[in-house]
file start17.txt (compact mmCIF, C-alpha atoms)
# COMPACT_ATOMS: atom_id res chain seq x y z
CA MET A 25 -17.45 -344.06 30.24
CA THR A 26 -14.98 -346.95 30.44
CA LEU A 27 -17.76 -349.46 31.14
CA LYS A 28 -19.90 -348.09 28.32
CA CYS A 29 -17.01 -348.32 25.83
CA SER A 30 -16.17 -351.89 26.87
CA ILE A 31 -19.79 -352.92 26.28
CA GLN A 32 -19.93 -351.18 22.90
CA LEU A 33 -16.68 -352.89 21.87
CA GLY A 34 -18.11 -356.25 22.93
CA ILE A 35 -15.22 -356.94 25.32
CA PRO A 36 -17.35 -358.94 27.82
CA ASP A 37 -18.57 -361.17 24.97
CA ILE A 38 -15.03 -361.64 23.62
CA ILE A 39 -13.74 -362.74 27.04
CA ASN A 40 -16.73 -365.01 27.60
CA LYS A 41 -16.35 -366.75 24.23
CA HIS A 42 -12.60 -367.26 24.81
CA GLY A 43 -13.47 -369.90 27.42
CA LYS A 44 -10.42 -369.34 29.64
CA PRO A 45 -8.50 -366.46 31.22
CA MET A 46 -7.57 -363.99 28.49
CA THR A 47 -4.43 -361.85 28.48
CA LEU A 48 -4.38 -358.21 27.48
CA ASN A 49 -2.22 -359.15 24.51
CA GLU A 50 -4.86 -361.59 23.35
CA LEU A 51 -7.60 -359.04 23.95
CA GLN A 52 -7.08 -357.25 20.65
CA LYS A 53 -3.49 -356.42 21.62
CA LEU A 54 -4.65 -353.03 22.83
CA VAL A 55 -1.71 -351.82 24.90
CA SER A 56 1.50 -353.10 26.46
CA SER A 57 1.18 -354.35 30.02
CA GLY A 58 4.13 -352.17 31.02
CA ASN A 59 6.20 -354.92 32.67
CA ASN A 60 8.88 -357.37 31.54
CA ASN A 61 7.38 -360.52 33.06
CA ASP A 62 6.97 -363.43 30.68
CA GLU A 63 3.61 -364.28 32.19
CA GLU A 64 0.71 -361.96 31.60
CA GLN A 65 -2.30 -361.55 33.84
CA GLY A 66 -5.46 -363.18 32.49
CA TYR A 67 -9.02 -361.92 32.74
CA VAL A 68 -12.33 -363.76 33.14
CA LEU A 69 -15.89 -362.55 33.74
CA THR A 70 -17.36 -362.45 37.23
CA ASN A 71 -20.99 -363.41 37.81
CA ALA A 72 -21.92 -359.72 37.98
CA SER A 73 -20.09 -358.81 34.77
CA LYS A 74 -21.93 -361.57 32.89
CA LEU A 75 -24.96 -359.26 33.08
CA LEU A 76 -23.12 -357.12 30.50
CA LEU A 77 -23.24 -359.85 27.85
CA LYS A 78 -25.27 -359.01 24.75
CA ASP A 79 -27.31 -362.20 25.02
CA ASN A 80 -28.31 -361.31 28.59
CA PRO A 81 -29.63 -357.71 28.40
CA LEU A 82 -30.93 -356.51 31.74
CA SER A 83 -33.74 -354.45 30.21
CA GLU A 84 -35.28 -357.49 28.48
CA TYR A 85 -34.63 -359.80 31.43
CA ASP A 86 -36.51 -357.38 33.64
CA GLY A 87 -39.77 -357.99 31.82
CA ASP A 88 -39.41 -361.79 31.62
CA GLU A 89 -38.22 -362.62 35.13
CA PRO A 90 -40.95 -362.05 37.78
CA LYS A 91 -38.55 -361.77 40.73
CA LEU A 92 -36.35 -359.14 39.06
CA ASN A 93 -39.41 -357.37 37.70
CA ASN A 94 -40.90 -357.12 41.19
CA PHE A 95 -37.56 -355.98 42.64
CA PHE A 96 -37.29 -353.22 40.02
CA ASN A 97 -40.89 -352.08 40.57
CA GLU A 98 -40.41 -351.93 44.35
CA ALA A 99 -37.22 -349.89 43.92
CA MET A 100 -39.06 -347.40 41.73
CA ALA A 101 -41.97 -347.30 44.18
CA SER A 102 -39.63 -346.51 47.07
CA ASP A 103 -38.31 -343.45 45.27
CA ALA A 104 -41.80 -342.45 44.15
CA ARG A 105 -43.09 -342.32 47.74
CA LEU A 106 -40.57 -339.64 48.73
CA ALA A 107 -40.61 -337.66 45.48
CA THR A 108 -44.40 -337.60 45.19
CA SER A 109 -44.95 -336.55 48.81
CA VAL A 110 -42.65 -333.57 48.28
CA MET A 111 -44.34 -332.69 44.99
CA ILE A 112 -47.82 -332.77 46.57
CA GLN A 113 -46.74 -330.68 49.57
CA LYS A 114 -44.61 -328.11 47.76
CA CYS A 115 -46.26 -327.92 44.34
CA LYS A 116 -50.01 -328.17 44.96
CA ASN A 117 -50.64 -325.30 42.55
CA VAL A 118 -49.41 -327.51 39.68
CA PHE A 119 -52.53 -329.66 40.05
CA GLU A 120 -55.02 -326.80 40.34
CA GLY A 121 -57.64 -326.66 37.59
CA LEU A 122 -56.98 -330.21 36.38
CA ASN A 123 -59.75 -332.74 35.88
CA SER A 124 -57.58 -335.63 34.73
CA LEU A 125 -53.94 -336.75 34.92
CA VAL A 126 -51.89 -339.64 33.52
CA ASP A 127 -48.64 -340.81 35.12
CA VAL A 128 -46.54 -342.16 32.24
CA GLY A 129 -44.19 -344.95 33.26
CA GLY A 130 -46.01 -344.99 36.57
CA GLY A 131 -45.00 -348.54 37.48
CA THR A 132 -47.31 -350.13 40.02
CA GLY A 133 -49.03 -346.82 40.71
CA THR A 134 -47.34 -345.52 43.86
CA ALA A 135 -47.16 -341.92 42.63
CA ALA A 136 -50.56 -341.96 40.91
CA LYS A 137 -52.20 -343.42 44.03
CA ALA A 138 -50.69 -340.69 46.24
CA ILE A 139 -51.90 -337.97 43.87
CA ALA A 140 -55.36 -339.56 43.61
CA LYS A 141 -55.65 -339.62 47.42
CA ALA A 142 -54.52 -336.01 47.75
CA PHE A 143 -56.91 -334.79 45.04
CA PRO A 144 -60.09 -336.95 45.19
CA LYS A 145 -61.77 -335.05 42.33
CA LEU A 146 -58.83 -335.65 39.98
CA GLU A 147 -59.21 -338.63 37.63
CA CYS A 148 -55.81 -340.36 37.63
CA THR A 149 -54.36 -342.97 35.28
CA CYS A 150 -51.24 -345.05 35.86
CA PHE A 151 -49.83 -345.77 32.41
CA ASP A 152 -47.05 -348.31 31.88
CA LEU A 153 -46.07 -351.36 29.82
CA PRO A 154 -48.67 -354.16 29.83
CA HIS A 155 -46.46 -356.61 31.78
CA VAL A 156 -46.12 -354.00 34.54
CA VAL A 157 -49.80 -353.13 35.05
CA ASN A 158 -51.52 -356.38 34.06
CA GLY A 159 -53.64 -357.65 36.94
CA LEU A 160 -53.30 -354.46 39.00
CA GLU A 161 -56.51 -353.01 40.44
CA SER A 162 -57.11 -349.83 42.38
CA ASP A 163 -59.12 -349.43 45.56
CA LEU A 164 -59.64 -345.77 44.67
CA VAL A 165 -62.54 -344.71 42.46
CA ASN A 166 -60.44 -342.01 40.79
CA LEU A 167 -57.48 -344.23 39.80
CA LYS A 168 -57.17 -346.75 36.97
CA TYR A 169 -54.36 -348.71 35.29
CA VAL A 170 -53.75 -348.68 31.54
CA GLY A 171 -51.15 -350.69 29.64
CA GLY A 172 -49.51 -349.33 26.52
CA ASP A 173 -46.44 -347.94 24.76
CA MET A 174 -45.63 -344.25 25.28
CA PHE A 175 -43.91 -344.14 21.89
CA LYS A 176 -47.20 -345.06 20.20
CA ALA A 177 -49.94 -343.36 22.22
CA ILE A 178 -50.58 -341.98 25.71
CA SER A 179 -53.96 -341.94 27.43
CA PRO A 180 -55.64 -338.52 26.95
CA ALA A 181 -55.65 -336.26 30.02
CA ASP A 182 -55.41 -332.64 31.12
CA ALA A 183 -51.87 -333.30 32.38
CA VAL A 184 -49.12 -335.83 31.74
CA VAL A 185 -46.59 -336.61 34.48
CA LEU A 186 -43.09 -337.76 33.46
CA LYS A 187 -41.17 -338.76 36.59
CA TRP A 188 -37.70 -340.22 35.99
CA ILE A 189 -38.63 -340.89 32.35
CA LEU A 190 -36.82 -338.51 29.99
CA HIS A 191 -33.38 -339.17 31.49
CA ASP A 192 -33.63 -342.76 30.21
CA TRP A 193 -33.69 -341.73 26.56
CA ASN A 194 -31.60 -339.80 24.02
CA ASN A 195 -32.70 -336.47 22.55
CA GLU A 196 -34.51 -337.94 19.55
CA GLU A 197 -36.43 -340.39 21.72
CA CYS A 198 -37.34 -337.66 24.21
CA VAL A 199 -38.78 -335.57 21.37
CA LYS A 200 -40.95 -338.55 20.32
CA ILE A 201 -42.22 -338.97 23.89
CA LEU A 202 -42.99 -335.26 24.25
CA LYS A 203 -44.88 -335.26 20.94
CA LYS A 204 -47.08 -338.08 22.24
CA CYS A 205 -47.58 -336.08 25.44
CA LYS A 206 -48.71 -333.12 23.36
CA GLU A 207 -51.22 -335.32 21.53
CA ALA A 208 -52.55 -336.59 24.88
CA ILE A 209 -53.05 -333.14 26.46
CA THR A 210 -54.53 -331.46 23.38
CA SER A 211 -57.23 -334.01 22.59
CA ASP A 212 -60.78 -332.66 22.37
CA GLY A 213 -59.39 -329.19 21.70
CA LYS A 214 -57.98 -328.79 25.20
CA LYS A 215 -54.60 -327.35 26.14
CA GLY A 216 -53.10 -329.16 29.08
CA LYS A 217 -49.66 -329.39 30.65
CA VAL A 218 -46.70 -331.76 30.93
CA ILE A 219 -45.25 -332.10 34.44
CA ILE A 220 -41.60 -333.23 34.32
CA LYS A 221 -39.73 -334.42 37.41
CA ASP A 222 -36.08 -335.20 36.74
CA MET A 223 -32.59 -334.54 38.08
CA ILE A 224 -30.35 -331.80 36.75
CA LYS A 225 -26.56 -331.73 36.95
CA GLU A 226 -26.27 -328.04 37.77
CA ASN A 227 -26.21 -327.31 41.50
CA LYS A 228 -26.39 -323.66 42.54
CA LYS A 229 -25.78 -324.52 46.19
CA LYS A 230 -22.45 -326.18 45.32
CA ASP A 231 -23.24 -329.07 47.66
CA ASP A 232 -20.53 -331.69 47.05
CA LYS A 233 -22.73 -334.64 48.06
CA SER A 234 -25.56 -333.54 45.78
CA ILE A 235 -23.17 -332.97 42.89
CA GLU A 236 -21.65 -336.42 43.44
CA THR A 237 -25.12 -338.01 43.39
CA GLN A 238 -26.05 -336.13 40.23
CA LEU A 239 -22.86 -337.23 38.45
CA PHE A 240 -23.38 -340.85 39.51
CA PHE A 241 -26.93 -340.75 38.11
CA ASP A 242 -25.60 -339.24 34.88
CA MET A 243 -23.04 -342.06 34.53
CA PHE A 244 -25.71 -344.64 35.37
CA MET A 245 -27.97 -343.38 32.58
CA MET A 246 -25.07 -343.18 30.14
CA VAL A 247 -23.88 -346.75 30.78
CA LEU A 248 -27.15 -348.68 31.02
CA LEU A 249 -29.44 -346.61 28.81
CA THR A 250 -29.25 -343.99 26.04
CA GLY A 251 -30.03 -340.94 28.13
CA THR A 252 -28.42 -338.37 30.39
CA GLU A 253 -29.35 -336.19 33.35
call {"tool": "encode", "arguments": {"input": "start17.txt", "output": "structure tokens"}}
result
Amino acid sequence: MTLKCSIQLGIPDIINKHGKPMTLNELQKLVSSGNNNDEEQGYVLTNASKLLLKDNPLSEYDGDEPKLNNFFNEAMASDARLATSVMIQKCKNVFEGLNSLVDVGGGTGTAAKAIAKAFPKLECTCFDLPHVVNGLESDLVNLKYVGGDMFKAISPADAVVLKWILHDWNNEECVKILKKCKEAITSDGKKGKVIIKDMIKENKKKDDKSIETQLFFDMFMMVLLTGTE
């Protein structure tokens, strides 16, 4: 919460524009330092904190910088390997009766490829932003890549998979995404399903480590994006 508030107040930008170490008194004279020393401690931005500057947004940089883009995609793929294997093993019934499926925000296709291999008769689509899927080709006959914007339109299918998607967005944005999902699964008069894989904060087992992980994810979403777990 502290980091989010500092970003919203533009504190990193204020310190950066000051050009030299900035005292708390100079930084909007927020609070007293609590000591009687004549000299006050000054603050400057570290290399890591410069990522918080408004003119260097990580989300936009991700799409423009190939190295960071590849790093992000590989990180998402690593998680997808584990999550998808569990979903295929434990939730096979979810895919029964489906002829087609689209993985929204599917990145480089790790999850969609695993599903396509497990269900050869299921036509799978990996749907993501154009800069993510451009140039990607599948060696599976039942998997294809489609570039687009989920806020505008989603490829029609019997089922839409949203894995680690909704927690990135606020309530209003989630409603827009789900409406586009509804349009995708009800095309041609069909009634399909939306498969959502996300983390929840409630933990019935009261496992401290799991609760800690869930809270960290919730803070991560709150600080960097507009969503929540």
call {"tool": "atom_distance", "arguments": {"input": "start17.txt", "atom1": "atom CA of A:Leu125", "atom2": "atom CA of A:Ser162"}}
result
15.4 Å
call {"tool": "closest_residue", "arguments": {"input": "start17.txt", "among": "A:Phe143, A:Lys204, A:Gly121, A:Thr108", "to": "A:Lys221", "atoms": "only C-alpha atoms"}}
result
A:Thr108
call {"tool": "atom_distance", "arguments": {"input": "start17.txt", "atom1": "atom CA of A:Cys150", "atom2": "atom CA of A:Lys114"}}
result
21.7 Å
call {"tool": "residues_around", "arguments": {"input": "start17.txt", "residues": "A:Ile189", "least_positions_apart": "2", "cutoff": "9 Å", "atoms": "only C-alpha atoms", "output": "ChimeraX atom specification"}}
result
/A:128-129,186-187,191-193,198,220-222
call {"tool": "closest_residue", "arguments": {"input": "start17.txt", "among": "A:Lys203, A:Lys214, A:Lys168, A:His155", "to": "A:Ala181", "atoms": "all atoms listed in the file"}}
result
A:Lys214
call {"tool": "residues_around", "arguments": {"input": "start17.txt", "residues": "A:Glu147", "least_positions_apart": "4", "cutoff": "10 Å", "atoms": "only C-alpha atoms", "output": "ChimeraX atom specification"}}
result
/A:122-126,136,139-140,143,165-168,181-182
call {"tool": "atom_distance", "arguments": {"input": "start17.txt", "atom1": "atom CA of A:Cys115", "atom2": "atom CA of A:Leu146"}}
result
15.4 Å
